Amino acid sequence: MPDGRIDYLLIGGGLASASCARKLREEGAGGRILLVGREPDLPYDRPPCSKEYLRGGKRREDLPFEPAEWYAEREIEVLTRCSAMKLDPAAQTVKLSTKEEVGFERALIATGANVRRLNVPGAELEGIHYLRTVGNADTIREDAAGKRVVLIGGSYIGTEVAASLTELGSSCTIVMLEPVVLSRTFGERAGHFFQDRLTEHGIVIHGEEELERFEGSDGRVSSVVTKSGRSIEADAVIIGAGAVPDVMLARSAGLELGEGGGIKVDARLATSVPGIYAAGDTAEYESVIHDGRRIRVEHWDVALTQGRTAALNMLGREQPYDVVPYFFSDLSDWASLEYVGPAYDWDQEIVRGSLDEGAFSIWYLHEGRLAAALSVGRSEDLMHARRLIAGGGDLGGRGEELADLDLDLAAV
């Protein structure tokens, strides 16, 4: 157990804290670094939990951000299976679940997000799962592989897990509120492309259907019933209804929260309390890329890059977080997407390449400015999209030119 005072306290066992710890040491930070995480594992890569790891293509030992010896070599103290229970900003102390109280000079809150749980009749039945951790992935593989599975939600978790379980021999059905998968983020044109890949591999999709209840037999789920009266037999259910930022510690400590429910931070990821920062899924930050709009982005790449920015500012560098967020998703090996943005509103979609051939990018414009870009098989386009998003300039009515494959994007 730690004793004495910690120079850099990192609360949260995910990639934001791990990235922050690494950057602190790379930048020459001396003193003690303590990383506290509630999971039993060292910080690890979460995206494979719905993809390669779930399918068995990656081992558990392949997931950690760094091995245990890496932390030891850099004198980074790590406490797993440990939660921060109470934070006192005035006294600069935190009480841990081990009953020990630790003092700190600077702190990072990177407590991540929790799955959004559905409160409907039958939600307590066995065989209903949520996916957030590697342990959840283990349970889902053991309980759902080769069976009839219903997935609630048509976004990342629903589509990725459906693809992975189909590869494991499951018969999958997606039930979702949206008319087309992934359309809330990418629009219906892109959504139809991904939905076609899923249905081509036998996945049944019911759009514009709202969950009514789960029915069961002998305490285990046996069917999913929608509000339209549709009943779907199920041996297992996986719910992908989104996530909510874990701000319990921050709220009880009196830190200011944002309108979106995350911890309110400025462009440097600083909270309302000097010396305390927030990063990753829980941070609602003032984005210099989005004209000062306060946004919260859930993705491993954002956690990594925000962790690095937080480290620099804990060292007094006054560095704004000026990274264009990046996302990726794989539907098994049927389709892979990359995306930079995000676009909250757009009034024009420009397609570059061919959806029919599965090699395209879609450019999302809002009032003449590029807000986001999606790529399938055209990763090179995203480098230019990032530059244009970061620049924030009006394309001057030239948006339609982006569809021309002969156009030199570097010259735009």
# chains A, B, ... in the order shown; residues from 1 in each chain; ligands from 1
>>> residues_around(residues="Arg296 in chain A", least_positions_apart="5", cutoff="12 Å", atoms="only C-alpha atoms", output="mmCIF file with all heavy atoms, in the first residue's frame")
data_model
loop_
_atom_site.group_PDB
_atom_site.id
_atom_site.type_symbol
_atom_site.label_atom_id
_atom_site.label_comp_id
_atom_site.auth_asym_id
_atom_site.auth_seq_id
_atom_site.Cartn_x
_atom_site.Cartn_y
_atom_site.Cartn_z
ATOM 1 N N GLY A 112 -13.763 6.903 -16.425
ATOM 2 C CA GLY A 112 -14.436 6.274 -17.544
ATOM 3 C C GLY A 112 -15.942 6.395 -17.509
ATOM 4 O O GLY A 112 -16.501 7.369 -17.005
ATOM 5 N N ALA A 113 -16.595 5.393 -18.044
ATOM 6 C CA ALA A 113 -18.058 5.393 -18.139
ATOM 7 C C ALA A 113 -18.594 4.024 -17.752
ATOM 8 O O ALA A 113 -17.872 3.028 -17.768
ATOM 9 C CB ALA A 113 -18.494 5.747 -19.559
ATOM 10 N N ALA A 243 -23.396 4.319 -22.928
ATOM 11 C CA ALA A 243 -22.717 4.411 -21.633
ATOM 12 C C ALA A 243 -22.906 5.803 -21.046
ATOM 13 O O ALA A 243 -23.175 6.764 -21.775
ATOM 14 C CB ALA A 243 -21.225 4.110 -21.785
ATOM 15 N N VAL A 244 -22.779 5.892 -19.745
ATOM 16 C CA VAL A 244 -22.887 7.182 -19.043
ATOM 17 C C VAL A 244 -21.593 7.432 -18.280
ATOM 18 O O VAL A 244 -21.011 6.505 -17.713
ATOM 19 C CB VAL A 244 -24.094 7.193 -18.082
ATOM 20 C CG1 VAL A 244 -25.389 7.157 -18.861
ATOM 21 C CG2 VAL A 244 -24.041 6.024 -17.111
ATOM 22 N N PRO A 245 -21.100 8.662 -18.288
ATOM 23 C CA PRO A 245 -19.834 8.942 -17.608
ATOM 24 C C PRO A 245 -19.928 8.669 -16.118
ATOM 25 O O PRO A 245 -20.943 8.977 -15.480
ATOM 26 C CB PRO A 245 -19.589 10.434 -17.896
ATOM 27 C CG PRO A 245 -20.942 10.983 -18.219
ATOM 28 C CD PRO A 245 -21.690 9.879 -18.882
ATOM 29 N N LEU A 257 -19.864 19.908 -13.088
ATOM 30 C CA LEU A 257 -20.210 18.991 -14.167
ATOM 31 C C LEU A 257 -20.756 19.771 -15.354
ATOM 32 O O LEU A 257 -21.278 20.871 -15.207
ATOM 33 C CB LEU A 257 -21.246 17.970 -13.690
ATOM 34 C CG LEU A 257 -20.868 17.122 -12.475
ATOM 35 C CD1 LEU A 257 -21.972 16.118 -12.177
ATOM 36 C CD2 LEU A 257 -19.535 16.416 -12.681
ATOM 37 N N GLY A 258 -20.640 19.185 -16.524
ATOM 38 C CA GLY A 258 -21.124 19.831 -17.731
ATOM 39 C C GLY A 258 -22.565 19.489 -18.026
ATOM 40 O O GLY A 258 -23.165 18.627 -17.372
ATOM 41 N N GLU A 259 -23.119 20.135 -19.025
ATOM 42 C CA GLU A 259 -24.516 19.910 -19.398
ATOM 43 C C GLU A 259 -24.751 18.498 -19.915
ATOM 44 O O GLU A 259 -25.854 17.957 -19.812
ATOM 45 C CB GLU A 259 -24.946 20.933 -20.456
ATOM 46 C CG GLU A 259 -25.002 22.368 -19.936
ATOM 47 C CD GLU A 259 -25.447 23.343 -21.002
ATOM 48 O OE1 GLU A 259 -25.741 22.876 -22.139
ATOM 49 O OE2 GLU A 259 -25.509 24.563 -20.724
ATOM 50 N N GLY A 260 -23.715 17.877 -20.456
ATOM 51 C CA GLY A 260 -23.843 16.525 -20.975
ATOM 52 C C GLY A 260 -23.620 15.451 -19.942
ATOM 53 O O GLY A 260 -23.652 14.258 -20.275
ATOM 54 N N GLY A 261 -23.386 15.848 -18.708
ATOM 55 C CA GLY A 261 -23.243 14.874 -17.641
ATOM 56 C C GLY A 261 -21.827 14.479 -17.305
ATOM 57 O O GLY A 261 -21.594 13.756 -16.331
ATOM 58 N N GLY A 262 -20.846 14.925 -18.084
ATOM 59 C CA GLY A 262 -19.453 14.619 -17.784
ATOM 60 C C GLY A 262 -18.843 15.645 -16.851
ATOM 61 O O GLY A 262 -19.494 16.619 -16.447
ATOM 62 N N ILE A 263 -17.580 15.453 -16.503
ATOM 63 C CA ILE A 263 -16.861 16.422 -15.681
ATOM 64 C C ILE A 263 -16.464 17.601 -16.569
ATOM 65 O O ILE A 263 -15.818 17.429 -17.596
ATOM 66 C CB ILE A 263 -15.605 15.797 -15.058
ATOM 67 C CG1 ILE A 263 -15.973 14.591 -14.193
ATOM 68 C CG2 ILE A 263 -14.846 16.827 -14.216
ATOM 69 C CD1 ILE A 263 -14.771 13.817 -13.681
ATOM 70 N N LYS A 264 -16.873 18.790 -16.194
ATOM 71 C CA LYS A 264 -16.597 19.974 -17.000
ATOM 72 C C LYS A 264 -15.124 20.355 -16.885
ATOM 73 O O LYS A 264 -14.613 20.584 -15.789
ATOM 74 C CB LYS A 264 -17.472 21.134 -16.534
ATOM 75 C CG LYS A 264 -17.346 22.385 -17.381
ATOM 76 C CD LYS A 264 -18.317 23.465 -16.895
ATOM 77 C CE LYS A 264 -18.240 24.723 -17.731
ATOM 78 N NZ LYS A 264 -19.198 25.757 -17.254
ATOM 79 N N VAL A 265 -14.438 20.395 -18.034
ATOM 80 C CA VAL A 265 -13.029 20.796 -18.060
ATOM 81 C C VAL A 265 -12.836 21.821 -19.166
ATOM 82 O O VAL A 265 -13.643 21.921 -20.100
ATOM 83 C CB VAL A 265 -12.089 19.593 -18.282
ATOM 84 C CG1 VAL A 265 -12.145 18.632 -17.106
ATOM 85 C CG2 VAL A 265 -12.415 18.867 -19.575
ATOM 86 N N ASP A 266 -11.755 22.581 -19.062
ATOM 87 C CA ASP A 266 -11.455 23.565 -20.094
ATOM 88 C C ASP A 266 -10.648 22.909 -21.211
ATOM 89 O O ASP A 266 -10.504 21.684 -21.269
ATOM 90 C CB ASP A 266 -10.755 24.786 -19.497
ATOM 91 C CG ASP A 266 -9.385 24.459 -18.899
ATOM 92 O OD1 ASP A 266 -8.833 23.362 -19.180
ATOM 93 O OD2 ASP A 266 -8.856 25.300 -18.145
ATOM 94 N N LEU A 269 -8.052 20.489 -20.210
ATOM 95 C CA LEU A 269 -8.565 19.357 -19.433
ATOM 96 C C LEU A 269 -8.512 19.612 -17.933
ATOM 97 O O LEU A 269 -8.560 18.664 -17.135
ATOM 98 C CB LEU A 269 -7.824 18.060 -19.786
ATOM 99 C CG LEU A 269 -7.774 17.708 -21.279
ATOM 100 C CD1 LEU A 269 -7.027 16.395 -21.490
ATOM 101 C CD2 LEU A 269 -9.168 17.629 -21.869
ATOM 102 N N ALA A 278 -9.238 16.033 -15.730
ATOM 103 C CA ALA A 278 -10.071 14.895 -16.100
ATOM 104 C C ALA A 278 -9.811 14.562 -17.560
ATOM 105 O O ALA A 278 -9.548 15.447 -18.383
ATOM 106 C CB ALA A 278 -11.549 15.187 -15.881
ATOM 107 N N ALA A 279 -9.869 13.270 -17.889
ATOM 108 C CA ALA A 279 -9.603 12.834 -19.259
ATOM 109 C C ALA A 279 -10.380 11.559 -19.553
ATOM 110 O O ALA A 279 -10.807 10.845 -18.647
ATOM 111 C CB ALA A 279 -8.104 12.589 -19.454
ATOM 112 N N GLY A 280 -10.539 11.289 -20.851
ATOM 113 C CA GLY A 280 -11.212 10.064 -21.268
ATOM 114 C C GLY A 280 -12.719 10.200 -21.298
ATOM 115 O O GLY A 280 -13.269 11.294 -21.446
ATOM 116 N N ASP A 281 -13.402 9.071 -21.144
ATOM 117 C CA ASP A 281 -14.857 9.026 -21.289
ATOM 118 C C ASP A 281 -15.600 9.960 -20.346
ATOM 119 O O ASP A 281 -16.736 10.353 -20.615
ATOM 120 C CB ASP A 281 -15.364 7.604 -21.036
ATOM 121 C CG ASP A 281 -14.877 6.618 -22.080
ATOM 122 O OD1 ASP A 281 -14.224 7.043 -23.046
ATOM 123 O OD2 ASP A 281 -15.136 5.409 -21.916
ATOM 124 N N THR A 282 -14.989 10.288 -19.227
ATOM 125 C CA THR A 282 -15.688 11.094 -18.216
ATOM 126 C C THR A 282 -15.527 12.591 -18.409
ATOM 127 O O THR A 282 -16.225 13.372 -17.772
ATOM 128 C CB THR A 282 -15.184 10.702 -16.812
ATOM 129 O OG1 THR A 282 -16.072 11.213 -15.828
ATOM 130 C CG2 THR A 282 -13.783 11.242 -16.541
ATOM 131 N N ALA A 283 -14.629 13.012 -19.297
ATOM 132 C CA ALA A 283 -14.318 14.440 -19.455
ATOM 133 C C ALA A 283 -15.190 15.095 -20.516
ATOM 134 O O ALA A 283 -15.289 14.613 -21.645
ATOM 135 C CB ALA A 283 -12.851 14.616 -19.816
ATOM 136 N N GLU A 284 -15.821 16.189 -20.161
ATOM 137 C CA GLU A 284 -16.586 17.002 -21.096
ATOM 138 C C GLU A 284 -15.765 18.266 -21.341
ATOM 139 O O GLU A 284 -15.746 19.178 -20.522
ATOM 140 C CB GLU A 284 -17.957 17.322 -20.491
ATOM 141 C CG GLU A 284 -18.947 17.926 -21.454
ATOM 142 C CD GLU A 284 -20.347 18.026 -20.836
ATOM 143 O OE1 GLU A 284 -20.773 17.063 -20.167
ATOM 144 O OE2 GLU A 284 -20.978 19.077 -21.017
ATOM 145 N N TYR A 285 -15.056 18.283 -22.452
ATOM 146 C CA TYR A 285 -14.017 19.295 -22.627
ATOM 147 C C TYR A 285 -14.392 20.377 -23.630
ATOM 148 O O TYR A 285 -15.204 20.178 -24.523
ATOM 149 C CB TYR A 285 -12.696 18.630 -23.038
ATOM 150 C CG TYR A 285 -12.670 18.058 -24.441
ATOM 151 C CD1 TYR A 285 -12.082 18.769 -25.488
ATOM 152 C CD2 TYR A 285 -13.189 16.799 -24.726
ATOM 153 C CE1 TYR A 285 -12.039 18.255 -26.772
ATOM 154 C CE2 TYR A 285 -13.149 16.269 -26.000
ATOM 155 C CZ TYR A 285 -12.570 17.003 -27.023
ATOM 156 O OH TYR A 285 -12.529 16.486 -28.291
ATOM 157 N N GLU A 286 -13.763 21.530 -23.450
ATOM 158 C CA GLU A 286 -13.936 22.666 -24.352
ATOM 159 C C GLU A 286 -13.030 22.444 -25.562
ATOM 160 O O GLU A 286 -11.811 22.509 -25.453
ATOM 161 C CB GLU A 286 -13.560 23.954 -23.624
ATOM 162 C CG GLU A 286 -13.769 25.218 -24.406
ATOM 163 C CD GLU A 286 -13.321 26.442 -23.628
ATOM 164 O OE1 GLU A 286 -13.437 26.433 -22.389
ATOM 165 O OE2 GLU A 286 -12.846 27.398 -24.270
ATOM 166 N N SER A 287 -13.634 22.160 -26.700
ATOM 167 C CA SER A 287 -12.864 21.749 -27.863
ATOM 168 C C SER A 287 -12.444 22.940 -28.720
ATOM 169 O O SER A 287 -13.296 23.664 -29.251
ATOM 170 C CB SER A 287 -13.686 20.770 -28.709
ATOM 171 O OG SER A 287 -13.019 20.474 -29.915
ATOM 172 N N HIS A 290 -13.748 22.434 -32.225
ATOM 173 C CA HIS A 290 -15.179 22.632 -32.478
ATOM 174 C C HIS A 290 -15.660 24.003 -31.987
ATOM 175 O O HIS A 290 -16.719 24.134 -31.397
ATOM 176 C CB HIS A 290 -15.991 21.520 -31.810
ATOM 177 C CG HIS A 290 -15.647 20.149 -32.312
ATOM 178 N ND1 HIS A 290 -14.603 19.417 -31.795
ATOM 179 C CD2 HIS A 290 -16.201 19.393 -33.297
ATOM 180 C CE1 HIS A 290 -14.532 18.260 -32.440
ATOM 181 N NE2 HIS A 290 -15.489 18.218 -33.343
ATOM 182 N N VAL A 302 -9.110 8.692 -27.995
ATOM 183 C CA VAL A 302 -9.272 9.951 -27.267
ATOM 184 C C VAL A 302 -8.709 9.818 -25.854
ATOM 185 O O VAL A 302 -8.060 10.734 -25.332
ATOM 186 C CB VAL A 302 -10.757 10.366 -27.238
ATOM 187 C CG1 VAL A 302 -10.967 11.596 -26.363
ATOM 188 C CG2 VAL A 302 -11.253 10.645 -28.656
ATOM 189 N N ALA A 303 -8.932 8.672 -25.216
ATOM 190 C CA ALA A 303 -8.368 8.453 -23.886
ATOM 191 C C ALA A 303 -6.848 8.545 -23.921
ATOM 192 O O ALA A 303 -6.222 9.170 -23.046
ATOM 193 C CB ALA A 303 -8.811 7.094 -23.347
ATOM 194 N N GLN A 306 -5.822 12.307 -24.730
ATOM 195 C CA GLN A 306 -6.133 13.201 -23.619
ATOM 196 C C GLN A 306 -5.244 12.905 -22.413
ATOM 197 O O GLN A 306 -4.870 13.831 -21.681
ATOM 198 C CB GLN A 306 -7.603 13.086 -23.234
ATOM 199 C CG GLN A 306 -8.531 13.746 -24.229
ATOM 200 C CD GLN A 306 -9.950 13.882 -23.719
ATOM 201 O OE1 GLN A 306 -10.311 13.333 -22.686
ATOM 202 N NE2 GLN A 306 -10.768 14.625 -24.449
ATOM 203 N N PRO A 325 -10.660 14.033 -32.850
ATOM 204 C CA PRO A 325 -10.943 12.664 -32.402
ATOM 205 C C PRO A 325 -11.033 11.659 -33.557
ATOM 206 O O PRO A 325 -11.565 11.959 -34.634
ATOM 207 C CB PRO A 325 -12.298 12.804 -31.693
ATOM 208 C CG PRO A 325 -12.306 14.214 -31.199
ATOM 209 C CD PRO A 325 -11.628 14.998 -32.288
ATOM 210 N N PRO A 342 -16.075 14.382 -34.178
ATOM 211 C CA PRO A 342 -17.329 13.857 -34.721
ATOM 212 C C PRO A 342 -18.196 14.985 -35.279
ATOM 213 O O PRO A 342 -18.052 16.139 -34.902
ATOM 214 C CB PRO A 342 -17.986 13.238 -33.485
ATOM 215 C CG PRO A 342 -17.519 14.103 -32.346
ATOM 216 C CD PRO A 342 -16.118 14.528 -32.695
ATOM 217 N N TYR A 344 -21.763 16.551 -35.242
ATOM 218 C CA TYR A 344 -23.026 16.562 -34.506
ATOM 219 C C TYR A 344 -24.175 16.999 -35.406
ATOM 220 O O TYR A 344 -25.325 16.622 -35.203
ATOM 221 C CB TYR A 344 -22.907 17.485 -33.289
ATOM 222 C CG TYR A 344 -21.925 16.953 -32.268
ATOM 223 C CD1 TYR A 344 -20.608 17.417 -32.240
ATOM 224 C CD2 TYR A 344 -22.298 15.980 -31.361
ATOM 225 C CE1 TYR A 344 -19.706 16.924 -31.320
ATOM 226 C CE2 TYR A 344 -21.392 15.478 -30.433
ATOM 227 C CZ TYR A 344 -20.097 15.953 -30.420
ATOM 228 O OH TYR A 344 -19.189 15.446 -29.514
#
>>> residues_around(residues="range 45-47 of chain A", least_positions_apart="4", cutoff="8 Å", atoms="only C-alpha atoms", output="PDB file with N, CA, C and O atoms, in the first residue's frame")
ATOM      1  N   LEU A  15      -6.948   3.489 -20.204  1.00  0.00           N
ATOM      2  CA  LEU A  15      -5.858   3.983 -21.035  1.00  0.00           C
ATOM      3  C   LEU A  15      -5.531   5.448 -20.794  1.00  0.00           C
ATOM      4  O   LEU A  15      -4.397   5.870 -21.009  1.00  0.00           O
ATOM      5  N   LYS A  51     -14.366  -7.552 -30.417  1.00  0.00           N
ATOM      6  CA  LYS A  51     -13.890  -7.979 -31.727  1.00  0.00           C
ATOM      7  C   LYS A  51     -12.932  -9.173 -31.591  1.00  0.00           C
ATOM      8  O   LYS A  51     -13.381 -10.289 -31.324  1.00  0.00           O
ATOM      9  N   LEU A  63      -3.668  -7.969 -24.328  1.00  0.00           N
ATOM     10  CA  LEU A  63      -4.449  -6.744 -24.207  1.00  0.00           C
ATOM     11  C   LEU A  63      -3.798  -5.617 -23.414  1.00  0.00           C
ATOM     12  O   LEU A  63      -4.077  -4.452 -23.683  1.00  0.00           O
ATOM     13  N   PRO A  64      -2.970  -5.885 -22.387  1.00  0.00           N
ATOM     14  CA  PRO A  64      -2.480  -4.782 -21.551  1.00  0.00           C
ATOM     15  C   PRO A  64      -1.751  -3.697 -22.336  1.00  0.00           C
ATOM     16  O   PRO A  64      -1.026  -3.961 -23.296  1.00  0.00           O
ATOM     17  N   PHE A  65      -1.952  -2.461 -21.894  1.00  0.00           N
ATOM     18  CA  PHE A  65      -1.260  -1.301 -22.454  1.00  0.00           C
ATOM     19  C   PHE A  65       0.252  -1.482 -22.326  1.00  0.00           C
ATOM     20  O   PHE A  65       0.999  -1.249 -23.273  1.00  0.00           O
ATOM     21  N   ARG A 132     -18.475  -4.299 -21.232  1.00  0.00           N
ATOM     22  CA  ARG A 132     -17.626  -3.153 -20.931  1.00  0.00           C
ATOM     23  C   ARG A 132     -16.189  -3.584 -20.655  1.00  0.00           C
ATOM     24  O   ARG A 132     -15.250  -2.874 -20.958  1.00  0.00           O
ATOM     25  N   THR A 133     -16.029  -4.769 -20.050  1.00  0.00           N
ATOM     26  CA  THR A 133     -14.712  -5.217 -19.609  1.00  0.00           C
ATOM     27  C   THR A 133     -14.337  -6.531 -20.275  1.00  0.00           C
ATOM     28  O   THR A 133     -15.168  -7.219 -20.874  1.00  0.00           O
ATOM     29  N   VAL A 134     -13.071  -6.895 -20.120  1.00  0.00           N
ATOM     30  CA  VAL A 134     -12.601  -8.163 -20.666  1.00  0.00           C
ATOM     31  C   VAL A 134     -13.306  -9.334 -19.986  1.00  0.00           C
ATOM     32  O   VAL A 134     -13.585 -10.360 -20.614  1.00  0.00           O
ATOM     33  N   TRP A 300     -11.073   4.815 -27.280  1.00  0.00           N
ATOM     34  CA  TRP A 300      -9.747   4.546 -26.730  1.00  0.00           C
ATOM     35  C   TRP A 300      -8.704   5.546 -27.222  1.00  0.00           C
ATOM     36  O   TRP A 300      -7.808   5.947 -26.474  1.00  0.00           O
TER      37      TRP A 300
END
>>> residues_around(residues="Ala18 in chain A", least_positions_apart="4", cutoff="8 Å", atoms="only C-alpha atoms", output="tab-separated table (two decimals) with N, CA and C atoms, in the first residue's frame")
chain	number	residue	atom	x	y	z
A	13	GLY	N	-8.42	3.01	-13.96
A	13	GLY	CA	-7.50	2.00	-14.44
A	13	GLY	C	-7.52	1.79	-15.94
A	14	GLY	N	-7.86	2.82	-16.71
A	14	GLY	CA	-7.94	2.68	-18.16
A	14	GLY	C	-6.76	3.31	-18.89
A	22	ARG	N	2.69	7.33	-18.59
A	22	ARG	CA	3.82	7.18	-19.52
A	22	ARG	C	4.36	8.54	-19.94
A	35	LEU	N	-1.26	4.98	-9.77
A	35	LEU	CA	-2.42	4.73	-10.62
A	35	LEU	C	-3.35	3.78	-9.87
A	43	PRO	N	-4.18	-1.59	-16.86
A	43	PRO	CA	-4.83	-0.91	-17.99
A	43	PRO	C	-4.65	-1.68	-19.30
A	65	PHE	N	-1.95	-2.46	-21.89
A	65	PHE	CA	-1.26	-1.30	-22.45
A	65	PHE	C	0.25	-1.48	-22.33
A	307	GLY	N	-4.90	11.64	-22.21
A	307	GLY	CA	-3.98	11.32	-21.12
A	307	GLY	C	-2.65	12.02	-21.29
>>> residues_around(residues="Ala372 in chain A", least_positions_apart="4", cutoff="8 Å", atoms="only C-alpha atoms", output="number ranges by chain")
A: 339-343, 363-365, 385, 389
>>> write_last_selection(atoms="N, CA, C and O atoms", output="CSV table (one decimal), in the first residue's frame")
chain,number,residue,atom,x,y,z
A,339,TYR,N,-13.0,6.9,-38.8
A,339,TYR,CA,-13.8,8.1,-38.8
A,339,TYR,C,-13.1,9.1,-38.0
A,339,TYR,O,-12.5,8.9,-36.9
A,340,VAL,N,-13.1,10.4,-38.5
A,340,VAL,CA,-12.6,11.5,-37.7
A,340,VAL,C,-13.7,12.5,-37.6
A,340,VAL,O,-14.5,12.7,-38.6
A,341,GLY,N,-13.8,13.2,-36.5
A,341,GLY,CA,-14.9,14.2,-36.3
A,341,GLY,C,-15.0,14.6,-34.8
A,341,GLY,O,-13.9,15.0,-34.3
A,342,PRO,N,-16.1,14.4,-34.2
A,342,PRO,CA,-17.3,13.9,-34.7
A,342,PRO,C,-18.2,15.0,-35.3
A,342,PRO,O,-18.1,16.1,-34.9
A,343,ALA,N,-19.1,14.6,-36.2
A,343,ALA,CA,-20.1,15.6,-36.7
A,343,ALA,C,-21.4,15.5,-35.9
A,343,ALA,O,-22.0,14.4,-35.8
A,363,TRP,N,-17.7,12.5,-46.7
A,363,TRP,CA,-17.3,13.8,-46.1
A,363,TRP,C,-18.5,14.5,-45.6
A,363,TRP,O,-19.4,14.8,-46.5
A,364,TYR,N,-18.6,14.8,-44.4
A,364,TYR,CA,-19.8,15.5,-43.8
A,364,TYR,C,-19.5,16.9,-43.6
A,364,TYR,O,-18.7,17.3,-42.8
A,365,LEU,N,-20.3,17.8,-44.3
A,365,LEU,CA,-20.1,19.2,-44.3
A,365,LEU,C,-21.3,19.9,-43.5
A,365,LEU,O,-22.4,19.4,-43.6
A,385,ALA,N,-8.6,15.0,-44.3
A,385,ALA,CA,-9.9,15.4,-43.6
A,385,ALA,C,-9.5,15.9,-42.2
A,385,ALA,O,-10.1,17.0,-41.8
A,389,ILE,N,-10.6,19.6,-41.0
A,389,ILE,CA,-11.4,19.8,-39.8
A,389,ILE,C,-10.7,20.7,-38.8
A,389,ILE,O,-11.3,21.7,-38.2
>>> closest_residue(among="A:Leu54, A:Ala335, A:Ala123, A:Glu100", to="Asp138 in chain A", atoms="only C-alpha atoms")
A:Leu54
>>> residues_around(residues="Ala373 in chain A", least_positions_apart="4", cutoff="12 Å", atoms="only C-alpha atoms", output="MDAnalysis selection string")
chainID A and resid 185:187 190 324:328 337:343 346 348:352 360:366 369 378:389 402
>>> select_by_dssp(residues="range 99-276 of chain A", states="strand (DSSP E)", output="PyMOL selection string")
chain A and resi 101-109+113-115+128-130+148-152+171-175+204-206+211-217+220-226+231-233+236-239+243-245+263-265+276
>>> write_last_selection(atoms="C-alpha atoms", output="JSON list (two decimals), in the first residue's frame")
[["chain", "number", "residue", "atom", "x", "y", "z"],
["A", 101, "GLU", "CA", -6.11, 7.88, 2.81],
["A", 102, "VAL", "CA", -3.60, 9.24, 0.30],
["A", 103, "GLY", "CA", -2.44, 12.83, -0.15],
["A", 104, "PHE", "CA", -1.58, 14.22, -3.59],
["A", 105, "GLU", "CA", -0.16, 17.28, -5.31],
["A", 106, "ARG", "CA", -1.91, 16.87, -8.67],
["A", 107, "ALA", "CA", -4.61, 14.44, -9.73],
["A", 108, "LEU", "CA", -6.23, 13.09, -12.86],
["A", 109, "ILE", "CA", -9.78, 11.73, -12.77],
["A", 113, "ALA", "CA", -18.06, 5.39, -18.14],
["A", 114, "ASN", "CA", -20.54, 2.75, -17.06],
["A", 115, "VAL", "CA", -22.90, 0.87, -19.36],
["A", 128, "ILE", "CA", -28.74, -10.95, -20.31],
["A", 129, "HIS", "CA", -25.33, -9.36, -20.71],
["A", 130, "TYR", "CA", -23.60, -6.00, -21.02],
["A", 148, "ARG", "CA", -29.62, -17.78, -30.62],
["A", 149, "VAL", "CA", -28.61, -14.27, -29.59],
["A", 150, "VAL", "CA", -30.56, -11.02, -29.63],
["A", 151, "LEU", "CA", -28.61, -7.77, -29.51],
["A", 152, "ILE", "CA", -30.32, -4.62, -28.30],
["A", 171, "SER", "CA", -27.59, -16.95, -34.87],
["A", 172, "CYS", "CA", -27.87, -13.18, -34.26],
["A", 173, "THR", "CA", -30.74, -10.72, -34.41],
["A", 174, "ILE", "CA", -30.36, -6.98, -33.82],
["A", 175, "VAL", "CA", -33.28, -4.99, -32.37],
["A", 204, "VAL", "CA", -31.43, -10.41, -38.93],
["A", 205, "ILE", "CA", -32.08, -6.72, -38.25],
["A", 206, "HIS", "CA", -35.29, -5.16, -36.93],
["A", 211, "LEU", "CA", -37.86, -3.03, -26.43],
["A", 212, "GLU", "CA", -40.90, -3.83, -24.31],
["A", 213, "ARG", "CA", -39.74, -6.70, -22.07],
["A", 214, "PHE", "CA", -37.77, -9.89, -21.69],
["A", 215, "GLU", "CA", -39.54, -13.17, -21.08],
["A", 216, "GLY", "CA", -37.95, -16.19, -19.48],
["A", 217, "SER", "CA", -38.23, -19.76, -18.33],
["A", 220, "ARG", "CA", -33.33, -17.50, -17.77],
["A", 221, "VAL", "CA", -34.20, -15.30, -20.75],
["A", 222, "SER", "CA", -36.03, -17.11, -23.53],
["A", 223, "SER", "CA", -37.42, -14.31, -25.70],
["A", 224, "VAL", "CA", -37.35, -10.59, -26.42],
["A", 225, "VAL", "CA", -40.65, -8.76, -26.95],
["A", 226, "THR", "CA", -40.87, -5.34, -28.64],
["A", 231, "SER", "CA", -41.44, -11.76, -30.14],
["A", 232, "ILE", "CA", -37.94, -13.13, -30.84],
["A", 233, "GLU", "CA", -36.63, -16.32, -29.28],
["A", 236, "ALA", "CA", -28.86, -15.01, -24.68],
["A", 237, "VAL", "CA", -29.14, -11.23, -24.97],
["A", 238, "ILE", "CA", -26.41, -8.59, -25.24],
["A", 239, "ILE", "CA", -27.42, -5.00, -24.57],
["A", 243, "ALA", "CA", -22.72, 4.41, -21.63],
["A", 244, "VAL", "CA", -22.89, 7.18, -19.04],
["A", 245, "PRO", "CA", -19.83, 8.94, -17.61],
["A", 263, "ILE", "CA", -16.86, 16.42, -15.68],
["A", 264, "LYS", "CA", -16.60, 19.97, -17.00],
["A", 265, "VAL", "CA", -13.03, 20.80, -18.06],
["A", 276, "ILE", "CA", -7.19, 18.37, -10.73]]
>>> atom_distance(atom1="CA of Ile289 in chain A", atom2="CA of Gly316 in chain A")
21.8 Å
>>> closest_residue(among="A:Gly275, A:Gly153, A:Gly57, A:Gly37", to="Ala84 in chain A", atoms="only C-alpha atoms")
A:Gly37
>>> select_by_dssp(residues="range 347-388 of chain A", states="helix (DSSP H, G or I)", output="list in words")
Glu380, Asp381, Leu382, Met383, His384, Ala385, Arg386, Arg387 and Leu388 of chain A
>>> atom_distance(atom1="CA of Met176 in chain A", atom2="CA of Asp235 in chain A")
18.3 Å
>>> atom_distance(atom1="CA of Glu208 in chain A", atom2="CA of Leu182 in chain A")
12.8 Å
>>> residues_around(residues="Ala359 in chain A", least_positions_apart="3", cutoff="7 Å", atoms="only C-alpha atoms", output="list in words")
Gly353, Ser354, Leu355, Val376, Gly377 and Arg378 of chain A
